[in-house]
Every structure is written in C-alpha cells, then in structure tokens.
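**Q** Encoded as structure tokens, here's the structure I'll be asking about.
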Amino acid sequence: MTLAARLARPEILALPPADIAGAPLPGTVRLDANENPFASLVAGQTGINRYPEPQPAALRQRLADLYGVAPASLWVARGSDDAIDLLIRAFCRPAVDCIAIVEPTFSAYAQFARVQGAGVITARLTAGLMFDADAVLAAVADAAPKLLFLCTPNNPTGTPVAAADVRCIAAALPDTLVVADEAYGEFSGAPSLASEATDNLVVLRTLSKAYGLAGARIGCAIADPSIIELIAKVSPPYPLPTPSIAAALDALGPERMPIHAERVARLLADRDRLAAALATVAEIERIRVGGNFLFLEVADPADLARRLAAAAVRVRFRANAAPGGVRVTVGSEVDNRALLAVFGLGAPSPPNRRADVVRDTKETRIALSVDLDRAEPRHIDSGIPFFDHMLDQVAAHAGFSLTLACSGDLGIDPHHSIEDVAIALGQGLRQALGDKRGIGRFGFALPMDETRAEVLIDLSGRPFAKFNGSFSTAAVGGLPTDMVPHIFRSLADSMGAAIHVSVAGDNDHHQVEACFKAFGRALRSAVALEGKRDSLPSTKGVL
Ligand SMILES: *Cc1c(COP(=O)(O)O)cnc(C)c1O
C-alpha cells in the first residue's frame, strides 16, 4: 500500500483517477466541452474561448526541468497557496485529522486547515527564533499530524530549516507528510529538497517571488507520483488560466533566466544594504533577513505598521501569526527610499539609472538589464560569441552592467539576432538614462595598432547614424562586417542619439573592435553624471 493510500482521506482515494489528458491533436473537432467556437473579443488573447489543459504539458515539463524532477512528480497549481489547500483537502478529514506548523510562520497553512475543519497543532521556533528539530518533533509527534509544514527560509522570520533537519523529521514521522515550502528558495542559496521529494516529503515552489509572477498565480507541489495523483483528484478540472500558462512559459524562457538570476542577486544586495541602514534605528531591536524580506523586531509592531501606513508604506504585521515584528519586502530603490525616509534616514546614494527590456519577435526573443551606475555584472549571450565580446567591450569601456540574452533564429542567419540585440540595447540605454539629467555629449578616438577609430555621440533625442569606413573581409569571428554600420544605426535609432563612427586601418578585426571600444568610451563620457545631477547639458532645457 502506498503512503498516499495509507494516509489520504478514504473518500478521495475512492474517486476515479482525474483525467488530465493533454491538449487535443491538431485537427480534432472539439465538440466535447460546450465551449464557444468563436475567438475571444480580447485583443492578443487567441485561444481563451477554449478550456486550458488540466495540467499544461509544456509548463509541467518546464517546471520539472527547472526544479530537476520528473513531470509525473509535479503538480502545477494556482500558486503554491492552492497546492497547500489541495494537500490539506486530500489528506485531512474534517474534525478528525490535523496538520502541524512551526510558529511564527506563513498564516495560510492554518487558514486552509481551519476551512477544511482540520485541527492545527503548533510547535514553535525557539525564543531566539531558531529552528529546533527535536523541539518540533516533541511538540507534534503524539498528535500524528497528516501534514507538517516547514517553511524554509521561514516567512516571516527568515529562519532557515537545514535540509538535514527536514530529512530527520521526515524519517522520524513516517505517517506524516512533511511539506517543505521553498517559496523563497531562490533567495536562500541553500540547495532545494525537490529532488528528494519522495515517500513522505513534499516540496512546494512558486513563481510568485523570484520570478515576478505573483499575479499569474503559478506554483507547484513536488511529491511522489502517488501523491500527485491524489492532488489531481481534489483539484478543480481546469485550474490554470490560459494567459497565466503563457505568461509562465514566457517568463521562464531560456533568454530570461540570466535576468532572473541578476534580479535575485540585486534584491539580496539591496536587502543587506537596507538591513545595514536600518540597524542604526534605535526603535528596531533586531533585524532578521531571509528571502526577499526583512523582519523588524520592535516593541510595538502594530504602532510601527500604523506609522508606516500613514506614510503610505504598506508592510505586513500579523498580530496572531507573528506578533513580535513587521515584515518588510525589499522593493525597488524608490520603495526602499520611502521606507528609510519614515525612519528619518536619507538614502545612501541617488537611485541607479537602470532599465530592463524584454523584446520578442517571431525571429528573436531578447531580455536585457542595464545599470548605468554599476560596472558589474556583465553577462552577455547573444548567440554570437564575437558579438558578445564586442558588447562586453562596450559595457566594460562605458562602465555599465549588462545582462543580456537572446534566443534567435541563428539557424537562418545571425542578422536578426545582431540587429534586434542592438535595438534592444539602445532601448535599454535610453530608458536607463531617463530624462537625461546630468549627462553630457561626447566623443572618443582610439588607436589600436595600425587602426584609428573615432566615435562621436550626441544623446540628442534625434536619431542619426553616420559610418565612415570599409572592411575587406566578409566577417570577423562570425560577425558579418556589413552588420557593423548597421549595428550603430540600430543603436542610434533606438537610443535617439546621433552616432558618428569613422574607422581606418588594415586589419578588420582591429577595425571592428576599435569601433566598439571607442563607442564604449564615448558612451562612458556621455552617460557620466557630472557635477550637479539635475543640470541638463543643453541650453534648450530638454534633450
Ligand atoms: C508567498 C508564499 C506562498 C504563496 O505563493 P503563491 O505561489 O503565490 O501562492 C507560499 N508559501 C509561502 C511561505 C509564501 O511566503
């Protein structure tokens, strides 16, 4: 008898298996679901007149790859909230069974249990808000809970639960499903337990936090396939809206992944900076960090939450679930400044000039992130290594950070990828410059052995490109030389800049490289913040 069969509600076990057959084959006449045959009247939303797949195969596969498990071990749910609810409904008989939690923790576990009529047994973190496996076992073992929720890192205290503790608790409670909620796993640096989610261990993951898809409601449970089959039986028939499925597949495209990683790293750095700034505030007794949030322990958290709310800064205070403090999410630079201001703290530096660009066409899918006020990181993957090298020169010489990835139709020709990357980079630079306050207009000339290259830039808002030079070979390192003038034109168009390039030399490799280096150097001066940040380098007062 499987664990699922032993522990599940008998009335759920008795239900026939859920039908989660995939999408119908193309050409199938679909008269089975009483759908409306006409396309929806929503722009850009073809296909929503049809029911979605009960478990969208492509997304299930993508999530399985992301977390390193088999698709049959994973259930895609309407957020991990929904997975929590499904587990409780599959395993807990009303008025008979119970779950266990380790307080203070995420309030949804107890909430869903109460809705189901299940009991809630509570263990507690230590007085220092640490996780003590023996204390947890001692508090819950006698009650034989059907489910024990371990949130790691814990919301709201940030407390990590060591993998060894989770394993040891699962081994000590063979008749309990131990649910490791890794909602903030991407921020913790600790390895996921997903690949160990068999027997009585279940892992929850979500796209809401690290992947920025809270509004799409996509999460999942990872467990033994027999448990997944049970979850399927209690799930509504078509839980996932078609636009959410598409959004999740989009957001998890391979060219998006470097940006996600860069954002997680940035949020962690911002979190630690915020914590350091708040450490000077007398009223805050202790700051705990975890996930993408801080937990501020204060004498009167209700009052602090009220004062923040009065300044239009919303934070989370739960008098019952976590009475000792308020949980504050790490926000954008502007958000974080607003938080610091309530404590009378000025921001340590002006906000970074940064931009994220996502640009998809039939030929290319590009995601990039640029930050003019940080030199690192630089991760560039256009699919054309020599072009990557040139863009890396631009970013390095200009002194900005650039994370860029492109999935393009390189099987046909590098043309689309090169052109579209140049357009996207120009867009990113333009956005990052914002209203251009504090920037200059500049040029740079540079020798490279026998080659001389000169680039002049005016971030005037008026696109114009001029290229003076010629190449004797068709390509340098896989980059067609006829694309070089084209790249500068695309950049000029999308940046709204005048860019003049002249290059003369005998060696095409030198010529190409010198153009990009000089462009980077000219850009460095053009985007540099000089002197008073809010003065515009134009007598017109607008650029
Ligand atoms: C935010 C959060 C969730 C909910 O995730 P969704 O996928 O958005 O439902 C689950 N568990 C914890 C601990 C959370 O903090």
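Labeling convention for the structure tokens: chains A, B, ... as they appear, residues from 1 per chain, ligands from 1 in order of appearance.
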Name the residues in contact with Pro239 (chain A) at a cut-off of 10 Å, using only C-alpha atoms, excluding same-chain residues fewer than 3 positions from it; report them as number ranges by chain.

**A** A: 51-55, 76-78, 82, 235-236, 242

**Q** Keeping only C-alpha atoms, take the residues you just selected and write them out as a JSON list (two decimals), in the first residue's frame.

**A**
```json
[["chain", "number", "residue", "atom", "x", "y", "z"],
["A", 51, "TYR", "CA", -10.66, 25.48, -21.76],
["A", 52, "PRO", "CA", -6.98, 25.15, -20.88],
["A", 53, "GLU", "CA", -5.27, 21.81, -20.46],
["A", 54, "PRO", "CA", -5.97, 20.49, -16.94],
["A", 55, "GLN", "CA", -2.19, 20.15, -16.50],
["A", 76, "VAL", "CA", 1.14, 22.75, -11.36],
["A", 77, "ALA", "CA", -1.22, 24.68, -9.10],
["A", 78, "ARG", "CA", -2.80, 28.12, -8.93],
["A", 82, "ASP", "CA", -3.50, 26.35, -3.91],
["A", 235, "SER", "CA", -8.14, 19.82, -7.96],
["A", 236, "PRO", "CA", -10.81, 21.63, -9.93],
["A", 242, "THR", "CA", -4.55, 30.13, -20.30]]
```

**Q** Show me, as a PyMOL selection string, the residues that have an atom within 12 Å of Ala261 (chain A) when counting only C-alpha atoms, minus same-chain residues fewer than 5 positions from it.

**A** chain A and resi 186-187+189+210-212+252+254-256+266-268+368-369+377+379+403-404

**Q** Would you mind listing, for every residue of chain A within 9 Å of ligand 1, the two atoms forming the shortest contact and the distance between them in Å to one decimal, using only C-alpha atoms and all ligand atoms, sorted by chain and ascending residue number, as a tab-separated table?

**A**
```
residue	atom	partner	partner_atom_place_in_ligand_line	distance
A:Ala77	CA	ligand 1	7 (O)	8.1
A:Arg78	CA	ligand 1	9 (O)	6.8
A:Gly79	CA	ligand 1	7 (O)	3.2
A:Ser80	CA	ligand 1	7 (O)	3.7
A:Asp81	CA	ligand 1	9 (O)	3.7
A:Asp82	CA	ligand 1	9 (O)	6.2
A:Ala83	CA	ligand 1	9 (O)	7.8
A:Ile84	CA	ligand 1	10 (C)	8.0
A:Thr105	CA	ligand 1	13 (C)	7.6
A:Phe106	CA	ligand 1	13 (C)	5.2
A:Ser107	CA	ligand 1	13 (C)	8.4
A:Ala108	CA	ligand 1	11 (N)	7.7
A:Tyr109	CA	ligand 1	11 (N)	8.6
A:Leu150	CA	ligand 1	13 (C)	8.8
A:Cys151	CA	ligand 1	13 (C)	5.7
A:Thr152	CA	ligand 1	13 (C)	7.6
A:Pro153	CA	ligand 1	13 (C)	8.0
A:Asn154	CA	ligand 1	13 (C)	6.5
A:Asn155	CA	ligand 1	13 (C)	5.2
A:Pro156	CA	ligand 1	15 (O)	7.6
A:Asp181	CA	ligand 1	11 (N)	5.9
A:Glu182	CA	ligand 1	13 (C)	7.0
A:Ala183	CA	ligand 1	12 (C)	5.0
A:Tyr184	CA	ligand 1	15 (O)	7.1
A:Leu204	CA	ligand 1	10 (C)	7.7
A:Arg205	CA	ligand 1	7 (O)	7.0
A:Thr206	CA	ligand 1	7 (O)	4.3
A:Leu207	CA	ligand 1	7 (O)	6.2
A:Ser208	CA	ligand 1	8 (O)	4.7
A:Lys209	CA	ligand 1	1 (C)	6.7
A:Leu213	CA	ligand 1	8 (O)	8.1
A:Ala214	CA	ligand 1	8 (O)	5.3
A:Gly215	CA	ligand 1	8 (O)	7.9
A:Ala216	CA	ligand 1	8 (O)	8.5
A:Arg217	CA	ligand 1	8 (O)	5.7
A:Ile218	CA	ligand 1	7 (O)	5.7
A:Gly219	CA	ligand 1	7 (O)	4.5
A:Cys220	CA	ligand 1	7 (O)	7.5
A:Gly291	CA	ligand 1	15 (O)	8.8
```

**Q** Per DSSP on the backbone, filter region 359-411 of chain A down to the residues in helix (DSSP H, G or I) and report them as a PyMOL selection string.

**A** chain A and resi 385-398

**Q** A:Gly443, A:Ser195, A:Thr364, A:Arg288: which is nearest Gly411 (chain A), counting only C-alpha atoms?

**A**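 Between A:Gly443, A:Ser195, A:Thr364, A:Arg288, the residue approaching Gly411 (chain A) most closely is A:Thr364.
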
**Q** From the set A:Pro480, A:Gly469, A:Gly44, A:Gly520, which residue has the shortest atom-to-atom contact distance to Glu419 (chain A), counting only C-alpha atoms?

**A**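 Selected residue with least distance to Glu419 (chain A): A:Pro480.
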
**Q** Mind checking which residues fall within 12 Å of Asp420 (chain A), counting only C-alpha atoms, ignoring those fewer than 2 positions away in the same chain, and posting them as a ChimeraX atom specification?

**A** /A:357-368,382,404-409,414-418,422-427,483,486-491,493-494

**Q** Write out as number ranges by chain which residues come within 10 Å of Thr46 (chain A) when counting only C-alpha atoms, dropping same-chain ones fewer than 6 positions away.

**A** A: 38-40, 242-243

**Q** Write a file of the just-selected residues containing C-alpha atoms, as a CSV table (one decimal), in the first residue's frame.

**A**
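Everything below was put into selection36.csv:
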```csv
chain,number,residue,atom,x,y,z
A,38,PHE,CA,-15.6,32.0,-31.8
A,39,ALA,CA,-12.4,33.6,-30.9
A,40,SER,CA,-12.5,35.8,-27.8
A,242,THR,CA,-4.5,30.1,-20.3
A,243,PRO,CA,-2.9,33.6,-20.0
```

**Q** Counting only C-alpha atoms, which of A:Gln111, A:Ser525, A:Asn200, A:Ser188 gets nearest to Arg6 (chain A)?

**A**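 Of all the options, A:Asn200 lies closest to Arg6 (chain A).
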
**Q** Name the closest residue to Phe295 (chain A) among the candidates A:Ala310, A:Leu129, A:Leu177, A:Leu240; distances are taken between atoms, counting only C-alpha atoms.

**A**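 Checking each of A:Ala310, A:Leu129, A:Leu177, A:Leu240 against Phe295 (chain A), counting only C-alpha atoms, the winner is A:Leu129.
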
**Q** May I ask which of the residues A:Ala232, A:Val313, A:Val334, A:Ala5 is the closest one to Asp175 (chain A), counting only C-alpha atoms?

**A**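 Looking at the shortest contact to Asp175 (chain A), the residue is A:Ala5.
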
**Q** Write down as a PyMOL selection string the residues belonging to region 143-236 of chain A that are assigned strand (DSSP E) by DSSP computed on the backbone.

**A** chain A and resi 147-151+177-181+201-206+219-222

**Q** Any idea what's packed within 9 Å of Leu63 (chain A), counting only C-alpha atoms, ignoring anything in its chain fewer than 3 positions away? Could you give it as a PyMOL selection string?

**A** chain A and resi 58-60+66-69+71+74+76+220+252
